[in-house]
Every structure is written in C-alpha cells, then in structure tokens.
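Take a look at the structure below.
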Amino acid sequence: MPLYQDQTIQIYNTLSGQKEVFKPIEDGYVGMYVCGPTVYSNVHLGNVRTFMSFDMVFRYFKHLGYKVRYVRNITDAGHLENDADAGEDKITKKARLEQIEPMEVVQRYTVDFHNILNTLNFLPPSIEPTATGHIIEQIELIKTIIDNGFAYEVNGSVYFDVHKFNETNNYGILSKRKLEDLIHNTRALDGQSDKKNPQDFALWKRAEPQHIMRWPSPWSDGFPGWHLECTAMSTKYLGDNFDIHGGGMDLKFPHHECEIAQSEAAKGLSPVNYWMHANMLHLNGQRMSKSTGNTVNPDELLSGNNDFFSKAYIPSVIRFFNAQSSYRSILDLTDDGLAASEKGFFRLMDAINALDHLETNNTSTFDVTKWRQKCYDAMNDDFNSPILIAHLFEAAKQINQIKDGNASLTSEDLTLLKNTMYDFTFDVLGLVNVSKTDTGTDKLSGAVELLIQLRQEARANKDFALSDKIRDELAEKGIQLNDGKDGTTFTTN
C-alpha cells in the first residue's frame with residue numbers, strides 16, 4: 001500500500017492564504033509546474049533556493065508513492081528587461097553585447113544551470129520544456145483569448161485586456177490586489193503605447209527590425225509575451241486544471257497573476273488548485289542584488305572564491321542550510337549560519353554512519369514508530385523541513401546514547417530507525433552521505449568541487465578527453481570521483 005494513503009499533507013495555498021489539505025485531482029498522481037530560469041546569465045543562489053525547495057517537495061511526493069509529473073520550464077525567449085512589455089529581450093541583449101547568437105547564450109547558461117543543479121544533487125524534472133519549443137501552442141492560445149473577447153491587436157502586437165477580463169473575473173485574486181488600486185497607482189499612458197490601459201500586458205509583441213529572435217504569426221513577425229509561455233506549457237503537459245504551481249515569491253505578481261487571467265480567459269476555469277511560493281534569499285541581512293554587489297554565485301560558494309565567506313562549503317551543507325528554514329520564510333545566507341549548518345550536517349552524518357555498528361537488545365528505550373510518524377507529520381505540515389531536522393537530531397541523540405550504553409533498541413526497531421533516517425535524510429532532503437574525513441581539508445573540498453563542476457561542463461560540451469583527464473589525474477592524487485544517478489561525489493584514499 002502506498003505511503004500516501006496513510007499520510008495527510010497540508011499545503012499553504014497562496015490563493016486562499018491558508019493551509020489546505022492536499023487532495024490531488026487524480027488519486028495517486030501529482031501534477032506540478034515550477035517556473036524555471038531565464039537563461040541569459042549564470043543561475044544565482046536566490047533561484048537555486050527556490051528550485052531546491054521544490055526539489056524537496058518533488059522528492060517527498062515521490063517518497064510517499066505518488067506518480068509525479070514535475071514540469072520546470074526554461075525561458076529562452078520573450079522575457080523583456082524589468083519584466084515589462086518594453087525594453088530589450090534579456091537574451092537578445094546578452095547576445096548583442098557578446099556578439100554571439102542568442103541560442104549560444106541560451107546553450108551556455110542552460111548548461112551552467114544544469115551543472116549547478118547536478119552538483120547540488122537535484123532530481124531532474126519529468127519534463128523541461130522551452131519557450132521557443134512551444135511557439136505554436138502560444139499562438140493558438142492567443143487566438144483563443146482573442147476569440148473569447150479578452151485580447152486585442154494593435155500594430156502587430158496583441159495585448160490582454162485586463163479591464164475587460166475584470167468585468168467577469170477577478171484580476172488580482174492571487175496577489176490580493178484590486179484593479180482599482182492598480183489604476184490609481186499607475187501613471188497615465190504617454191500616448192506612445194499601443195495599450196488601451198497601462199495594466200494590459202502583452203501576449204505577442206511585434207519585433208522591431210533589430211530584434212533577432214522572431215517568429216511569424218497572424219499578427220506580425222514577433223515573439224510571445226513572457227507570461228504566456230508558462231500558461232501554454234503548463235496546460236499542455238498537465239492539463240487545463242492541475243494540482244500545484246510553484247515559483248519564487250517575486251513571481252506572484254504580475255507573472256502568476258497573469259497566468260491565471262490567461263487560463264481563465266482561454267479555458268473558462270482556474271488553472272491551478274494549489275499555488276506555492278518560496279520566499280527570498282538574503283545575503284548578510286540584505287537582499288541579494290547584482291547592482292549593489294551584494295551577491296554570490298553558487299560556484300563561488302562551492303569553491304570558496306568570493307569575498308563573503310571564510311571557506312568553501314560542500315553541496316550537502318548548502319542543502320542542509322536551506323532545509324533548516326521553511327521555504328516560505330526569508331533565508332539569510334551568512335558565514336556563521338553556514339558554519340553552524342556544516343557542524344550540524346557532519347554531526348548528523350556521524351550518527352547515521354554509526355547505525356551499522358550499534359548492538360541490539362531485547363528491549364527498546366526509544367519509541368521508533370512514534371518518532372517515525374513525527375517525521376512524517378513535519379513534512380505533512382507544509383513540508384516543514386526545520387521540524388523534520390529537529391526530529392532527525394532527536395534520533396541522532398538516541399543513537400549516541402545507544403553507542404554509550406545508555407539506551408537500547410531491538411533489532412526490529414534498529415532496522416526501522418535506519419530505514420527512516422535514510423529515507424528522510426537522503427531521499428527527501430537530498431543530502432549525500434559525506435563524512436568530515438571524506439571531504440579532506442576545506443580548501444581541498446572546495447577545489448575538488450570546482451574540478452567536478454568543470455568536468456561536468458566538459459562532459460556537457462562533449463569534451464570527453466578533458467573530462468577523463470580531470471578524473472584520472474584526481475585519481476592519481478588519491479581522490480576518487482563517484483558518478484551516480486544523483487550527481488558526482490568524491491572520496492579520498
């Protein structure tokens with residue numbers, strides 16, 4: 001019998017503003033869509049925090065026995081600067097500055113995105129669609145919205161008529177904003193815009209002569225609006241109504257609000273039953289920002305090559321640090337916080353590694369069955385990983401007491417304890433079993449992690465000679481790389 005039949009999950013639904021019992025549309029199946037990156041630059045840690053949170057959600061559903069279709073898109077066209085309907089396409093701008101093709105930009109940063117997530121032991125999504133791969137679906141969706149009276153074409157561009165939509169629907173239902181307030185707080189159009197109203201948003205934009213990325217459509221040679229791609233791709237692979245849509249808190253308005261409006265305008269029904277939003281990542285008490293320099297990339301954190309942290313940190317410590325805070329809370333990334341997480345992580349690994357060497361007894365002084373359910377209760381409560389970790393440390397304390405002869409477990413309870421610790425630590429939280437002695441010195445750990453990343457990039461670029469050279473020369477130095485389905489780890493001889 002699948003585990004999910006004995007567990008009741010509650011999810012905080014941004015749409016209702018409260019926790020709700022999760023009831024999938026189809027019993028035993030979960031459809032989940034998460035907004036992926038716009039691949040015009042290296043993925044930043046704020047993005048990674050969001051994707052890591054939903055990787056944990058994905059892992060927990062799979063652990064419970066659900067069949068999960070997890071869709072996470074790649075935005076490779078249509079995302080204009082400042083998330084608005086004006087300005088230059090982010091990818092096109094990067095291509096122009098570097099004097100390369102836009103798809104070279106897309107390829108470079110998509111590879112970087114995958115390398116970082118592989119290094120951090122992410123499970124791949126079930127489907128990873130791209131915006132450019134679904135132009136036809138987006139054009140057909142626009143046609144339907146126009147036919148239903150909720151969009152209009154001007155000079156080759158098509159705009160969603162927010163005011164018309166709001167006459168029969170609720171634009172602002174997700175973000176709890178009222179159209180009247182949006183109108184009041186928006187400057188009047190300057191006469192140069194094709195929009196009827198400032199609140200309207202683009203479904204299709206006519207490409208200016210200098211715009212490289214363009215496709216033919218009934219209205220013009222142009223490109224789709226940023227909001228449209230997620231509606232087209234999520235409904236194609238998950239249906240007109242699906243279980244979960246996730247993303248960062250910054251996407252709630254206008255991106256996700258516009259997704260709801262587009263789906264309701266085209267299909268006549270709300271697309272998603274549970275909206276989940278991960279909160280922001282701060283750095284040393286301030287929001288991460290490239291403009292202020294208060295930012296650090298994942299590879300800089302893994303290698304130690306940055307101005308914010310005293311040392312390099314292995315991938316599992318970063319995952320552990322992230323899991324010690326609720327996905328709905330702001331997380332402040334600090335050197336002290338990471339150092340504390342590192343100590344906690346290795347303490348937990350030491351306890352888990354001691355499980356194989358514990359002696360059993362005829363009686364148990366620790367109620368493992370009750371403790372096991374407490375672990376499930378934590379994750380069932382809106383994926384409360386901090387409480388789960390507290391329970392894992394409760395078990396670690398018991399393990400140390402058994403080692404010291406101050407507690408006991410039967411053989412049956414020891415097996416249950418071991419299996420549960422493995423399930424939640426490795427399968428659900430996505431940690432990798434690394435002991436402190438395995439990592440060597442902190443500088444060595446950071447250097448090897450960087451070489452692993454370079455090797456992954458070489459393999460992605462089909463430079464297998466370089467990939468093998470990195471592996472072989474590390475092996476000569478006594479550092480063994482271990483390639484697995486969940487990424488690459490290393491041990492020292």
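Each chain in the structure tokens gets a letter, A, B, ..., in the order shown, and its residues are numbered from 1; ligands are numbered from 1 in order too.
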
Quiz item: Would you give me, as an NGL selection string, the residues in region 47-184 of chain A that DSSP reads as helix (DSSP H, G or I)?
Solution: :A and (47-63 or 81-83 or 90-98 or 102-119 or 132-147 or 162-166 or 179-184)

Quiz prompt | Surrounding residues of region 293-308 of chain A excluding itself and chain neighbours under 3 positions, 6 Å, only C-alpha atoms, as a list of chain:residue names | solution = A:His44, A:Leu45, A:Met288, A:Ser289, A:Lys290, A:Lys311, A:Ala312, A:Tyr313, A:Gly446, A:Ala447, A:Leu450

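With only C-alpha atoms taken into account, the protein and nucleic acid residues at most 7 Å from Leu141 (chain A) (excluding it and anything under 4 positions from it in its own chain) are Glu137, Ile145, Ala232 and Ala266 of chain A.
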
Exercise. Identify, on the basis of only C-alpha atoms, every residue whose closest approach to region 342-352 of chain A does not exceed 12 Å; exclude the query and any residue fewer than 5 positions from it along the same chain; express the result as a PyMOL selection string.
Key: chain A and resi 311-324+335-337+357-358+389-403+414+417-426+429+431-439+442

Run DSSP on the backbone and grab whatever in region 184-293 of chain A lands in strand (DSSP E or B); send it over as a compact mmCIF listing (two decimals) with all heavy atoms, in the first residue's frame.
# COMPACT_ATOMS: atom_id res chain seq x y z
N PHE A 201 -1.33 43.68 -20.58
CA PHE A 201 0.00 43.10 -20.78
C PHE A 201 0.07 42.38 -22.12
O PHE A 201 -0.95 41.95 -22.68
CB PHE A 201 0.38 42.16 -19.63
CG PHE A 201 -0.58 41.02 -19.39
CD1 PHE A 201 -0.44 39.81 -20.05
CD2 PHE A 201 -1.64 41.16 -18.48
CE1 PHE A 201 -1.30 38.76 -19.84
CE2 PHE A 201 -2.53 40.11 -18.26
CZ PHE A 201 -2.36 38.91 -18.94
N ALA A 202 1.29 42.24 -22.62
CA ALA A 202 1.50 41.72 -23.97
C ALA A 202 1.36 40.20 -24.02
O ALA A 202 1.93 39.49 -23.18
CB ALA A 202 2.87 42.13 -24.48
N LEU A 203 0.60 39.74 -25.00
CA LEU A 203 0.57 38.32 -25.34
C LEU A 203 1.50 38.04 -26.52
O LEU A 203 2.07 36.95 -26.63
CB LEU A 203 -0.86 37.89 -25.70
CG LEU A 203 -1.91 38.07 -24.60
CD1 LEU A 203 -3.29 37.70 -25.12
CD2 LEU A 203 -1.57 37.22 -23.37
N TRP A 204 1.62 39.03 -27.41
CA TRP A 204 2.52 38.91 -28.56
C TRP A 204 3.06 40.29 -28.87
O TRP A 204 2.32 41.29 -28.85
CB TRP A 204 1.78 38.37 -29.78
CG TRP A 204 2.68 38.11 -30.96
CD1 TRP A 204 2.95 38.95 -32.00
CD2 TRP A 204 3.43 36.92 -31.21
NE1 TRP A 204 3.83 38.36 -32.88
CE2 TRP A 204 4.14 37.10 -32.42
CE3 TRP A 204 3.57 35.70 -30.52
CZ2 TRP A 204 4.97 36.13 -32.95
CZ3 TRP A 204 4.41 34.73 -31.05
CH2 TRP A 204 5.09 34.95 -32.26
N LYS A 205 4.35 40.39 -29.13
CA LYS A 205 4.98 41.67 -29.43
C LYS A 205 5.54 41.64 -30.86
O LYS A 205 6.25 40.70 -31.24
CB LYS A 205 6.13 41.94 -28.44
CG LYS A 205 5.66 42.28 -27.04
CD LYS A 205 5.10 43.69 -26.94
CE LYS A 205 6.22 44.71 -27.03
NZ LYS A 205 5.71 46.09 -26.86
N ARG A 206 5.21 42.67 -31.59
CA ARG A 206 5.80 42.83 -32.92
C ARG A 206 7.28 43.13 -32.75
O ARG A 206 7.68 43.97 -31.95
CB ARG A 206 5.11 43.96 -33.68
CG ARG A 206 5.72 44.25 -35.06
CD ARG A 206 4.94 45.35 -35.78
NE ARG A 206 4.92 46.58 -35.01
CZ ARG A 206 5.88 47.50 -35.02
NH1 ARG A 206 6.95 47.32 -35.77
NH2 ARG A 206 5.77 48.60 -34.30
N TRP A 215 9.39 35.21 -34.74
CA TRP A 215 8.67 34.11 -35.37
C TRP A 215 7.45 34.67 -36.11
O TRP A 215 6.87 35.68 -35.69
CB TRP A 215 8.19 33.10 -34.33
CG TRP A 215 9.31 32.36 -33.66
CD1 TRP A 215 9.80 31.14 -34.00
CD2 TRP A 215 10.09 32.79 -32.54
NE1 TRP A 215 10.83 30.77 -33.18
CE2 TRP A 215 11.02 31.77 -32.26
CE3 TRP A 215 10.09 33.93 -31.73
CZ2 TRP A 215 11.96 31.86 -31.22
CZ3 TRP A 215 11.00 34.02 -30.70
CH2 TRP A 215 11.93 32.99 -30.46
N GLY A 222 7.18 38.37 -34.75
CA GLY A 222 7.43 38.87 -33.40
C GLY A 222 7.76 37.75 -32.45
O GLY A 222 8.31 36.72 -32.85
N PHE A 223 7.37 37.93 -31.19
CA PHE A 223 7.71 36.95 -30.15
C PHE A 223 6.64 36.99 -29.07
O PHE A 223 5.97 38.01 -28.87
CB PHE A 223 9.10 37.25 -29.56
CG PHE A 223 9.27 38.66 -29.07
CD1 PHE A 223 9.03 39.00 -27.75
CD2 PHE A 223 9.68 39.68 -29.95
CE1 PHE A 223 9.19 40.29 -27.29
CE2 PHE A 223 9.85 40.98 -29.50
CZ PHE A 223 9.59 41.30 -28.18
N PRO A 224 6.47 35.89 -28.35
CA PRO A 224 5.40 35.84 -27.34
C PRO A 224 5.76 36.60 -26.08
O PRO A 224 6.93 36.82 -25.77
CB PRO A 224 5.28 34.34 -27.06
CG PRO A 224 6.64 33.80 -27.36
CD PRO A 224 7.18 34.63 -28.50
N PHE A 242 -4.60 21.69 -13.00
CA PHE A 242 -3.64 20.77 -12.41
C PHE A 242 -3.41 21.11 -10.95
O PHE A 242 -3.96 22.08 -10.41
CB PHE A 242 -2.34 20.74 -13.21
CG PHE A 242 -1.65 22.07 -13.40
CD1 PHE A 242 -0.67 22.50 -12.54
CD2 PHE A 242 -1.99 22.89 -14.48
CE1 PHE A 242 -0.02 23.72 -12.73
CE2 PHE A 242 -1.35 24.11 -14.68
CZ PHE A 242 -0.36 24.52 -13.80
N ASP A 243 -2.59 20.28 -10.28
CA ASP A 243 -2.54 20.33 -8.82
C ASP A 243 -1.77 21.51 -8.25
O ASP A 243 -2.31 22.29 -7.46
CB ASP A 243 -1.91 19.02 -8.29
CG ASP A 243 -2.74 17.80 -8.61
OD1 ASP A 243 -3.93 17.79 -8.26
OD2 ASP A 243 -2.20 16.86 -9.22
N ILE A 244 -0.49 21.65 -8.62
CA ILE A 244 0.41 22.59 -7.94
C ILE A 244 1.16 23.44 -8.95
O ILE A 244 1.67 22.93 -9.95
CB ILE A 244 1.42 21.84 -7.04
CG1 ILE A 244 0.70 21.07 -5.94
CG2 ILE A 244 2.43 22.82 -6.44
CD1 ILE A 244 1.62 20.15 -5.15
N HIS A 245 1.23 24.74 -8.68
CA HIS A 245 2.11 25.64 -9.43
C HIS A 245 3.00 26.34 -8.42
O HIS A 245 2.53 26.92 -7.45
CB HIS A 245 1.28 26.68 -10.20
CG HIS A 245 2.07 27.43 -11.25
ND1 HIS A 245 3.30 27.98 -11.00
CD2 HIS A 245 1.78 27.73 -12.54
CE1 HIS A 245 3.75 28.59 -12.09
NE2 HIS A 245 2.84 28.44 -13.04
N GLY A 246 4.32 26.27 -8.65
CA GLY A 246 5.25 26.88 -7.72
C GLY A 246 6.16 27.88 -8.39
O GLY A 246 6.26 27.97 -9.62
N GLY A 247 6.85 28.64 -7.56
CA GLY A 247 7.81 29.63 -8.04
C GLY A 247 8.25 30.52 -6.90
O GLY A 247 7.83 30.35 -5.75
N GLY A 248 9.10 31.47 -7.22
CA GLY A 248 9.55 32.43 -6.22
C GLY A 248 8.47 33.43 -5.88
O GLY A 248 7.57 33.72 -6.67
N VAL A 272 -5.02 26.20 -11.54
CA VAL A 272 -4.22 25.55 -10.51
C VAL A 272 -5.01 25.48 -9.20
O VAL A 272 -5.66 26.45 -8.80
CB VAL A 272 -2.90 26.33 -10.26
CG1 VAL A 272 -2.07 25.66 -9.19
CG2 VAL A 272 -2.10 26.45 -11.56
N ASN A 273 -4.89 24.34 -8.52
CA ASN A 273 -5.58 24.19 -7.24
C ASN A 273 -4.76 24.69 -6.06
O ASN A 273 -5.31 25.21 -5.09
CB ASN A 273 -5.96 22.72 -7.02
CG ASN A 273 -7.06 22.26 -7.94
OD1 ASN A 273 -7.68 23.06 -8.63
ND2 ASN A 273 -7.31 20.95 -7.97
N TYR A 274 -3.43 24.54 -6.12
CA TYR A 274 -2.56 24.97 -5.01
C TYR A 274 -1.39 25.79 -5.58
O TYR A 274 -0.60 25.27 -6.36
CB TYR A 274 -2.01 23.75 -4.25
CG TYR A 274 -3.07 22.84 -3.69
CD1 TYR A 274 -3.58 21.81 -4.48
CD2 TYR A 274 -3.56 23.00 -2.40
CE1 TYR A 274 -4.56 20.95 -3.99
CE2 TYR A 274 -4.54 22.15 -1.90
CZ TYR A 274 -5.04 21.13 -2.70
OH TYR A 274 -6.01 20.29 -2.21
N TRP A 275 -1.33 27.05 -5.16
CA TRP A 275 -0.22 27.92 -5.55
C TRP A 275 0.77 27.98 -4.40
O TRP A 275 0.41 28.32 -3.27
CB TRP A 275 -0.72 29.33 -5.87
CG TRP A 275 -1.41 29.45 -7.20
CD1 TRP A 275 -2.74 29.29 -7.45
CD2 TRP A 275 -0.80 29.76 -8.46
NE1 TRP A 275 -3.00 29.46 -8.79
CE2 TRP A 275 -1.82 29.76 -9.44
CE3 TRP A 275 0.52 30.03 -8.85
CZ2 TRP A 275 -1.57 30.04 -10.78
CZ3 TRP A 275 0.77 30.30 -10.19
CH2 TRP A 275 -0.26 30.30 -11.13
N MET A 276 2.03 27.65 -4.68
CA MET A 276 3.09 27.66 -3.66
C MET A 276 4.18 28.64 -4.05
O MET A 276 4.60 28.67 -5.22
CB MET A 276 3.69 26.26 -3.51
CG MET A 276 2.73 25.19 -3.03
SD MET A 276 3.50 23.54 -2.95
CE MET A 276 4.78 23.82 -1.71
N HIS A 277 4.62 29.43 -3.08
CA HIS A 277 5.66 30.43 -3.36
C HIS A 277 6.78 30.35 -2.33
O HIS A 277 6.53 30.42 -1.12
CB HIS A 277 5.05 31.84 -3.38
CG HIS A 277 4.17 32.07 -4.56
ND1 HIS A 277 2.81 31.86 -4.52
CD2 HIS A 277 4.46 32.46 -5.82
CE1 HIS A 277 2.29 32.12 -5.72
NE2 HIS A 277 3.28 32.49 -6.52
N ALA A 278 8.01 30.20 -2.82
CA ALA A 278 9.19 30.20 -1.97
C ALA A 278 9.65 31.63 -1.73
O ALA A 278 9.60 32.46 -2.64
CB ALA A 278 10.31 29.38 -2.60
N LEU A 281 15.93 34.89 -0.73
CA LEU A 281 17.22 34.62 -0.10
C LEU A 281 17.96 35.93 0.07
O LEU A 281 18.14 36.68 -0.90
CB LEU A 281 18.04 33.65 -0.95
CG LEU A 281 19.42 33.27 -0.41
CD1 LEU A 281 19.28 32.43 0.85
CD2 LEU A 281 20.22 32.51 -1.47
N HIS A 282 18.39 36.23 1.29
CA HIS A 282 19.18 37.41 1.57
C HIS A 282 20.64 37.02 1.79
O HIS A 282 20.95 35.86 2.07
CB HIS A 282 18.65 38.15 2.79
CG HIS A 282 17.36 38.88 2.53
ND1 HIS A 282 16.78 39.72 3.45
CD2 HIS A 282 16.54 38.89 1.46
CE1 HIS A 282 15.65 40.22 2.95
NE2 HIS A 282 15.49 39.72 1.75
N LEU A 283 21.51 37.98 1.68
CA LEU A 283 22.94 37.77 1.92
C LEU A 283 23.41 38.77 2.96
O LEU A 283 23.35 39.98 2.75
CB LEU A 283 23.73 37.94 0.62
CG LEU A 283 25.25 37.80 0.71
CD1 LEU A 283 25.64 36.41 1.23
CD2 LEU A 283 25.90 38.05 -0.65
N GLN A 286 20.84 41.54 3.85
CA GLN A 286 20.32 42.40 2.79
C GLN A 286 19.94 41.56 1.58
O GLN A 286 20.53 40.50 1.33
CB GLN A 286 21.37 43.44 2.38
CG GLN A 286 21.77 44.39 3.50
CD GLN A 286 22.82 45.40 3.05
OE1 GLN A 286 23.25 45.38 1.90
NE2 GLN A 286 23.22 46.29 3.94
N ARG A 287 18.97 42.04 0.84
CA ARG A 287 18.51 41.32 -0.33
C ARG A 287 19.66 41.23 -1.35
O ARG A 287 20.41 42.17 -1.56
CB ARG A 287 17.32 42.02 -0.98
CG ARG A 287 16.72 41.24 -2.14
CD ARG A 287 15.41 41.82 -2.58
NE ARG A 287 14.85 41.07 -3.70
CZ ARG A 287 13.65 41.29 -4.24
NH1 ARG A 287 12.89 42.25 -3.74
NH2 ARG A 287 13.22 40.56 -5.24
N SER A 289 21.58 41.51 -4.66
CA SER A 289 21.41 42.44 -5.76
C SER A 289 22.71 42.56 -6.53
O SER A 289 23.76 42.84 -5.96
CB SER A 289 21.00 43.83 -5.23
OG SER A 289 21.04 44.79 -6.26

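If only C-alpha atoms are the atoms counted, then among A:Asp382, A:Asp161, A:Glu359, A:Asp483 the closest residue to Met56 (chain A) is A:Asp382.
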
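Nearest to Pro24 (chain A) of all the residues A:Val162, A:Gly46, A:Gly87, A:Asn241 is A:Asn241, counting only C-alpha atoms.
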
Quiz item: Using only C-alpha atoms, which of the listed residues (A:Ser175, A:Ser270, A:Ser220, A:Asn284) sits closest to Thr334 (chain A)?
Solution: A:Asn284

Quiz prompt | Which residue of A:Val43, A:Asp147, A:Leu80, A:Gly31 approaches Lys67 (chain A) most closely, using only C-alpha atoms | solution = A:Gly31

Exercise. Write out as a list of chain:residue names the residues lying within 10 Å of Gln5 (chain A), counting only C-alpha atoms and excluding same-chain residues fewer than 3 positions away.
Key: A:Met1, A:Pro2, A:Thr8, A:Asp27, A:Gly28, A:Leu64, A:Gly65, A:Tyr66

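Going from CA of Ser41 (chain A) to CA of Tyr109 (chain A) covers 5.9 Å.
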